[in-house]
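Worksheet: the structure to be examined is printed underneath.
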Amino acid sequence: SFLLLICSLQAMSKTPATTHVTSTNIGVHTEKLEDAKRSRPILVEIWYPTDRSGPLDQPEDPGWLHPKEIRDVPIAVGKYPLIMMSHGHGGDRRDRTWLVEYLVKNGYIVASVEHYGNSWRSYNPLLSLRFWERARDVTFAISALLDGSFLKDRVDASRIGFVGYSMGGMTGLAAAARGEGQ
């Protein structure tokens with residue numbers, strides 16, 4: 001089950017939205033970031049509302065349900081709250097995308113970080129012990145997404161939340177305890 005959701009969705013929804021979502025389509029984009037200070041690659045999968053249509057990008061995955069997503073189409077006009085997502089130990093950025101569909105259709109952008117050394121794609125037992133790096137991954141990704149990605153000027157920076165599963169929940173607790181992202 002989900003361990004942590006900082007900035008509850010209800011609290012975020014009480015703040016008037018800067019954009020009314022009329023789109024039912026979900027865009028998806030992969031950001032390949034590099035934290036040069038830590039020599040650490042950071043992959044981020046981003047889902048967002050879009051007014052565009054196109055061929056669906058449906059990865060084959062018998063273990064998870066994925067939303068009907070369209071790759072690399074423009075974001076619908078407006079600013080949106082952002083939900084950062086962190087996977088559990090040994091997972092990856094596309095785990096639990098069933099939650100993404102609900103969030104995007106309710107006006108959120110969702111950015112899911114893949115933690116290098118602690119995902120099934122890049123698992124390294126020594127790196128996975130450095131769990132504090134996960135909180136740094138999330139805060140690095142937030143800064144990069146707000147400053148330089150295609151999300152620049154599309155995120156309402158006063159409305160950033162977090163959801164994590166298992167060790168992903170611990171990632172959120174670590175980030176909050178350290179004051180990361182402030």
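For the structure tokens, the naming scheme is as follows: chains receive sequential letters (A, B, ...) according to their order of presentation, residues are indexed from 1 within each chain, and ligands are indexed from 1 in presentation order.
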
Tyr102 in chain A: which residues within 12 Å, counting only C-alpha atoms, same-chain residues fewer than 3 positions away excluded, as a ChimeraX atom specification? /A:9,24-26,47-49,66-68,83,96-99,105-110

Run DSSP on the backbone and give me the residues of range 71-131 of chain A it puts in strand (DSSP E), as a list in words. Arg71, Tyr80, Pro81, Leu82, Ile83, Met84, Met85, Ser86, Ile109, Val110, Ala111, Ser112, Val113 and Glu114 of chain A

Same residues, all heavy atoms, saved as an mmCIF file, in the first residue's frame:
```
data_model
loop_
_atom_site.group_PDB
_atom_site.id
_atom_site.type_symbol
_atom_site.label_atom_id
_atom_site.label_comp_id
_atom_site.auth_asym_id
_atom_site.auth_seq_id
_atom_site.Cartn_x
_atom_site.Cartn_y
_atom_site.Cartn_z
ATOM 1 N N ARG A 71 2.703 9.344 -26.616
ATOM 2 C CA ARG A 71 4.075 9.777 -26.353
ATOM 3 C C ARG A 71 4.410 11.099 -27.031
ATOM 4 O O ARG A 71 4.131 11.316 -28.195
ATOM 5 C CB ARG A 71 5.058 8.703 -26.809
ATOM 6 C CG ARG A 71 6.491 9.093 -26.462
ATOM 7 C CD ARG A 71 7.386 7.940 -26.185
ATOM 8 N NE ARG A 71 7.073 7.123 -25.048
ATOM 9 C CZ ARG A 71 7.427 7.376 -23.781
ATOM 10 N NH1 ARG A 71 8.073 8.473 -23.483
ATOM 11 N NH2 ARG A 71 7.121 6.527 -22.826
ATOM 12 N N TYR A 80 -0.416 23.360 -13.966
ATOM 13 C CA TYR A 80 -0.977 22.216 -13.256
ATOM 14 C C TYR A 80 -0.182 21.929 -11.990
ATOM 15 O O TYR A 80 1.034 22.138 -11.951
ATOM 16 C CB TYR A 80 -0.921 20.971 -14.156
ATOM 17 C CG TYR A 80 -1.668 21.134 -15.448
ATOM 18 C CD1 TYR A 80 -1.027 21.612 -16.581
ATOM 19 C CD2 TYR A 80 -3.015 20.835 -15.509
ATOM 20 C CE1 TYR A 80 -1.720 21.779 -17.769
ATOM 21 C CE2 TYR A 80 -3.717 20.986 -16.699
ATOM 22 C CZ TYR A 80 -3.060 21.463 -17.818
ATOM 23 O OH TYR A 80 -3.751 21.633 -18.983
ATOM 24 N N PRO A 81 -0.839 21.385 -10.963
ATOM 25 C CA PRO A 81 -0.083 20.889 -9.809
ATOM 26 C C PRO A 81 0.722 19.663 -10.239
ATOM 27 O O PRO A 81 0.347 18.956 -11.177
ATOM 28 C CB PRO A 81 -1.159 20.530 -8.787
ATOM 29 C CG PRO A 81 -2.430 20.443 -9.540
ATOM 30 C CD PRO A 81 -2.282 21.232 -10.800
ATOM 31 N N LEU A 82 1.830 19.435 -9.546
ATOM 32 C CA LEU A 82 2.730 18.340 -9.868
ATOM 33 C C LEU A 82 2.745 17.333 -8.725
ATOM 34 O O LEU A 82 2.854 17.717 -7.561
ATOM 35 C CB LEU A 82 4.152 18.888 -10.070
ATOM 36 C CG LEU A 82 5.291 17.880 -10.247
ATOM 37 C CD1 LEU A 82 5.126 17.086 -11.548
ATOM 38 C CD2 LEU A 82 6.632 18.610 -10.230
ATOM 39 N N ILE A 83 2.634 16.068 -9.058
ATOM 40 C CA ILE A 83 2.801 14.983 -8.090
ATOM 41 C C ILE A 83 4.067 14.237 -8.472
ATOM 42 O O ILE A 83 4.186 13.715 -9.580
ATOM 43 C CB ILE A 83 1.605 13.994 -8.100
ATOM 44 C CG1 ILE A 83 0.293 14.690 -7.769
ATOM 45 C CG2 ILE A 83 1.877 12.811 -7.157
ATOM 46 C CD1 ILE A 83 0.171 15.166 -6.343
ATOM 47 N N MET A 84 5.028 14.201 -7.551
ATOM 48 C CA MET A 84 6.239 13.408 -7.742
ATOM 49 C C MET A 84 5.948 12.011 -7.220
ATOM 50 O O MET A 84 5.276 11.852 -6.201
ATOM 51 C CB MET A 84 7.416 14.016 -6.987
ATOM 52 C CG MET A 84 7.834 15.393 -7.470
ATOM 53 S SD MET A 84 8.349 15.452 -9.207
ATOM 54 C CE MET A 84 9.808 14.402 -9.203
ATOM 55 N N MET A 85 6.461 11.003 -7.911
ATOM 56 C CA MET A 85 6.208 9.619 -7.531
ATOM 57 C C MET A 85 7.545 8.876 -7.415
ATOM 58 O O MET A 85 8.444 9.087 -8.220
ATOM 59 C CB MET A 85 5.323 8.941 -8.579
ATOM 60 C CG MET A 85 4.867 7.542 -8.213
ATOM 61 S SD MET A 85 3.822 6.794 -9.503
ATOM 62 C CE MET A 85 2.286 7.658 -9.244
ATOM 63 N N SER A 86 7.643 8.026 -6.386
ATOM 64 C CA SER A 86 8.860 7.249 -6.152
ATOM 65 C C SER A 86 8.495 5.772 -5.991
ATOM 66 O O SER A 86 7.611 5.429 -5.200
ATOM 67 C CB SER A 86 9.559 7.758 -4.890
ATOM 68 O OG SER A 86 10.700 7.009 -4.592
ATOM 69 N N ILE A 109 -0.083 16.874 -13.204
ATOM 70 C CA ILE A 109 1.060 16.309 -13.914
ATOM 71 C C ILE A 109 1.709 15.352 -12.925
ATOM 72 O O ILE A 109 1.825 15.669 -11.740
ATOM 73 C CB ILE A 109 2.056 17.408 -14.337
ATOM 74 C CG1 ILE A 109 1.433 18.319 -15.393
ATOM 75 C CG2 ILE A 109 3.349 16.777 -14.856
ATOM 76 C CD1 ILE A 109 2.288 19.541 -15.735
ATOM 77 N N VAL A 110 2.122 14.184 -13.391
ATOM 78 C CA VAL A 110 2.777 13.193 -12.534
ATOM 79 C C VAL A 110 4.163 12.927 -13.097
ATOM 80 O O VAL A 110 4.308 12.638 -14.289
ATOM 81 C CB VAL A 110 1.978 11.872 -12.469
ATOM 82 C CG1 VAL A 110 2.700 10.856 -11.585
ATOM 83 C CG2 VAL A 110 0.560 12.118 -11.977
ATOM 84 N N ALA A 111 5.175 13.036 -12.233
ATOM 85 C CA ALA A 111 6.558 12.761 -12.634
ATOM 86 C C ALA A 111 7.111 11.669 -11.727
ATOM 87 O O ALA A 111 7.192 11.840 -10.516
ATOM 88 C CB ALA A 111 7.407 14.025 -12.522
ATOM 89 N N SER A 112 7.448 10.539 -12.323
ATOM 90 C CA SER A 112 7.922 9.393 -11.569
ATOM 91 C C SER A 112 9.415 9.189 -11.797
ATOM 92 O O SER A 112 9.864 9.002 -12.928
ATOM 93 C CB SER A 112 7.150 8.140 -11.982
ATOM 94 O OG SER A 112 7.545 7.042 -11.205
ATOM 95 N N VAL A 113 10.174 9.214 -10.709
ATOM 96 C CA VAL A 113 11.628 9.100 -10.759
ATOM 97 C C VAL A 113 12.040 7.628 -10.697
ATOM 98 O O VAL A 113 11.511 6.868 -9.894
ATOM 99 C CB VAL A 113 12.258 9.858 -9.571
ATOM 100 C CG1 VAL A 113 13.770 9.679 -9.531
ATOM 101 C CG2 VAL A 113 11.889 11.332 -9.620
ATOM 102 N N GLU A 114 12.993 7.257 -11.543
ATOM 103 C CA GLU A 114 13.596 5.935 -11.443
ATOM 104 C C GLU A 114 14.928 6.100 -10.722
ATOM 105 O O GLU A 114 15.805 6.833 -11.173
ATOM 106 C CB GLU A 114 13.808 5.322 -12.822
ATOM 107 C CG GLU A 114 14.287 3.892 -12.736
ATOM 108 C CD GLU A 114 14.069 3.147 -14.031
ATOM 109 O OE1 GLU A 114 12.949 3.184 -14.575
ATOM 110 O OE2 GLU A 114 15.035 2.518 -14.489
#
```

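Across A:Ala177, A:Ala141, A:Met170, A:Val104, the tightest approach to Lys32 in chain A is made by A:Ala141 when counting only C-alpha atoms.
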
Among the residues of range 91-179 of chain A, find those DSSP assigns to alpha helix (DSSP H) from the backbone and print them as a ChimeraX atom specification. /A:98-105,125-128,132-147,167-178

Selection from above, N, CA and C atoms, as a compact mmCIF listing (two decimals), in the first residue's frame, can you write it?
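Output saved as out-v2.txt:
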```
# COMPACT_ATOMS: atom_id res chain seq x y z
N TRP A 98 -1.24 2.80 -12.81
CA TRP A 98 -2.70 2.80 -12.72
C TRP A 98 -3.16 4.05 -11.95
N LEU A 99 -2.36 4.54 -11.03
CA LEU A 99 -2.70 5.75 -10.29
C LEU A 99 -2.56 7.00 -11.16
N VAL A 100 -1.65 6.94 -12.11
CA VAL A 100 -1.38 8.07 -12.99
C VAL A 100 -2.64 8.50 -13.74
N GLU A 101 -3.37 7.53 -14.27
CA GLU A 101 -4.56 7.85 -15.06
C GLU A 101 -5.54 8.69 -14.26
N TYR A 102 -5.80 8.31 -13.02
CA TYR A 102 -6.71 9.07 -12.17
C TYR A 102 -6.19 10.48 -11.93
N LEU A 103 -4.92 10.60 -11.61
CA LEU A 103 -4.35 11.91 -11.29
C LEU A 103 -4.37 12.85 -12.50
N VAL A 104 -3.91 12.36 -13.65
CA VAL A 104 -3.85 13.21 -14.84
C VAL A 104 -5.26 13.63 -15.26
N LYS A 105 -6.21 12.73 -15.22
CA LYS A 105 -7.57 13.08 -15.63
C LYS A 105 -8.24 14.04 -14.64
N PRO A 125 23.54 -3.80 -5.55
CA PRO A 125 23.35 -3.94 -4.10
C PRO A 125 24.03 -2.85 -3.28
N LEU A 126 25.22 -2.42 -3.70
CA LEU A 126 25.92 -1.37 -2.94
C LEU A 126 25.23 -0.02 -3.08
N LEU A 127 24.81 0.31 -4.30
CA LEU A 127 24.11 1.59 -4.49
C LEU A 127 22.74 1.58 -3.81
N SER A 128 22.08 0.44 -3.78
CA SER A 128 20.75 0.38 -3.18
C SER A 128 20.80 0.62 -1.67
N TRP A 132 19.51 7.28 0.97
CA TRP A 132 19.38 8.74 1.06
C TRP A 132 19.54 9.39 -0.32
N GLU A 133 20.17 8.69 -1.25
CA GLU A 133 20.30 9.24 -2.60
C GLU A 133 18.95 9.38 -3.29
N ARG A 134 17.99 8.57 -2.88
CA ARG A 134 16.66 8.61 -3.49
C ARG A 134 15.99 9.97 -3.27
N ALA A 135 16.07 10.52 -2.04
CA ALA A 135 15.49 11.84 -1.77
C ALA A 135 16.18 12.91 -2.60
N ARG A 136 17.47 12.77 -2.76
CA ARG A 136 18.22 13.71 -3.60
C ARG A 136 17.81 13.59 -5.07
N ASP A 137 17.51 12.36 -5.51
CA ASP A 137 17.01 12.17 -6.88
C ASP A 137 15.73 12.97 -7.10
N VAL A 138 14.82 12.87 -6.14
CA VAL A 138 13.52 13.54 -6.26
C VAL A 138 13.69 15.05 -6.30
N THR A 139 14.47 15.60 -5.38
CA THR A 139 14.62 17.06 -5.36
C THR A 139 15.40 17.57 -6.56
N PHE A 140 16.38 16.80 -7.02
CA PHE A 140 17.08 17.17 -8.25
C PHE A 140 16.10 17.20 -9.41
N ALA A 141 15.27 16.17 -9.50
CA ALA A 141 14.29 16.08 -10.60
C ALA A 141 13.31 17.25 -10.56
N ILE A 142 12.83 17.61 -9.36
CA ILE A 142 11.90 18.75 -9.26
C ILE A 142 12.57 20.01 -9.81
N SER A 143 13.77 20.29 -9.36
CA SER A 143 14.48 21.49 -9.83
C SER A 143 14.68 21.47 -11.34
N ALA A 144 15.12 20.33 -11.85
CA ALA A 144 15.35 20.22 -13.29
C ALA A 144 14.06 20.39 -14.09
N LEU A 145 12.97 19.81 -13.60
CA LEU A 145 11.70 19.90 -14.32
C LEU A 145 11.14 21.32 -14.29
N LEU A 146 11.31 22.02 -13.17
CA LEU A 146 10.81 23.38 -13.07
C LEU A 146 11.66 24.37 -13.86
N ASP A 147 12.95 24.09 -13.98
CA ASP A 147 13.87 25.04 -14.59
C ASP A 147 14.16 24.83 -16.06
N MET A 167 9.57 1.68 -0.15
CA MET A 167 10.75 2.51 0.02
C MET A 167 10.56 3.89 -0.62
N GLY A 168 9.66 3.98 -1.59
CA GLY A 168 9.32 5.28 -2.16
C GLY A 168 8.67 6.19 -1.12
N GLY A 169 7.87 5.60 -0.22
CA GLY A 169 7.30 6.37 0.88
C GLY A 169 8.39 6.86 1.82
N MET A 170 9.36 6.00 2.10
CA MET A 170 10.50 6.40 2.93
C MET A 170 11.30 7.51 2.25
N THR A 171 11.35 7.48 0.93
CA THR A 171 12.03 8.53 0.18
C THR A 171 11.37 9.88 0.47
N GLY A 172 10.05 9.90 0.46
CA GLY A 172 9.33 11.14 0.76
C GLY A 172 9.56 11.61 2.17
N LEU A 173 9.57 10.67 3.12
CA LEU A 173 9.83 11.04 4.51
C LEU A 173 11.24 11.62 4.65
N ALA A 174 12.21 11.00 3.99
CA ALA A 174 13.58 11.49 4.06
C ALA A 174 13.69 12.89 3.45
N ALA A 175 13.04 13.10 2.34
CA ALA A 175 13.09 14.42 1.70
C ALA A 175 12.44 15.48 2.60
N ALA A 176 11.31 15.13 3.21
CA ALA A 176 10.62 16.08 4.09
C ALA A 176 11.45 16.37 5.34
N ALA A 177 12.07 15.34 5.92
CA ALA A 177 12.85 15.52 7.14
C ALA A 177 14.09 16.36 6.91
N ARG A 178 14.68 16.25 5.74
CA ARG A 178 15.87 17.00 5.41
C ARG A 178 15.54 18.40 4.93
```

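We find CA of Arg38 in chain A and CA of Asp95 in chain A to be spaced 24.8 Å apart.
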
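Taking CA of Val77 in chain A and CA of Arg159 in chain A as endpoints, the distance between them is 17.2 Å.
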
Interatomic distance between CA of Glu69 in chain A and CA of Pro55 in chain A? 8.5 Å

Considering only C-alpha atoms, can you say which of A:Lys37, A:His115, A:Arg94, A:Lys79 comes closest to Ile160 in chain A? A:Lys79
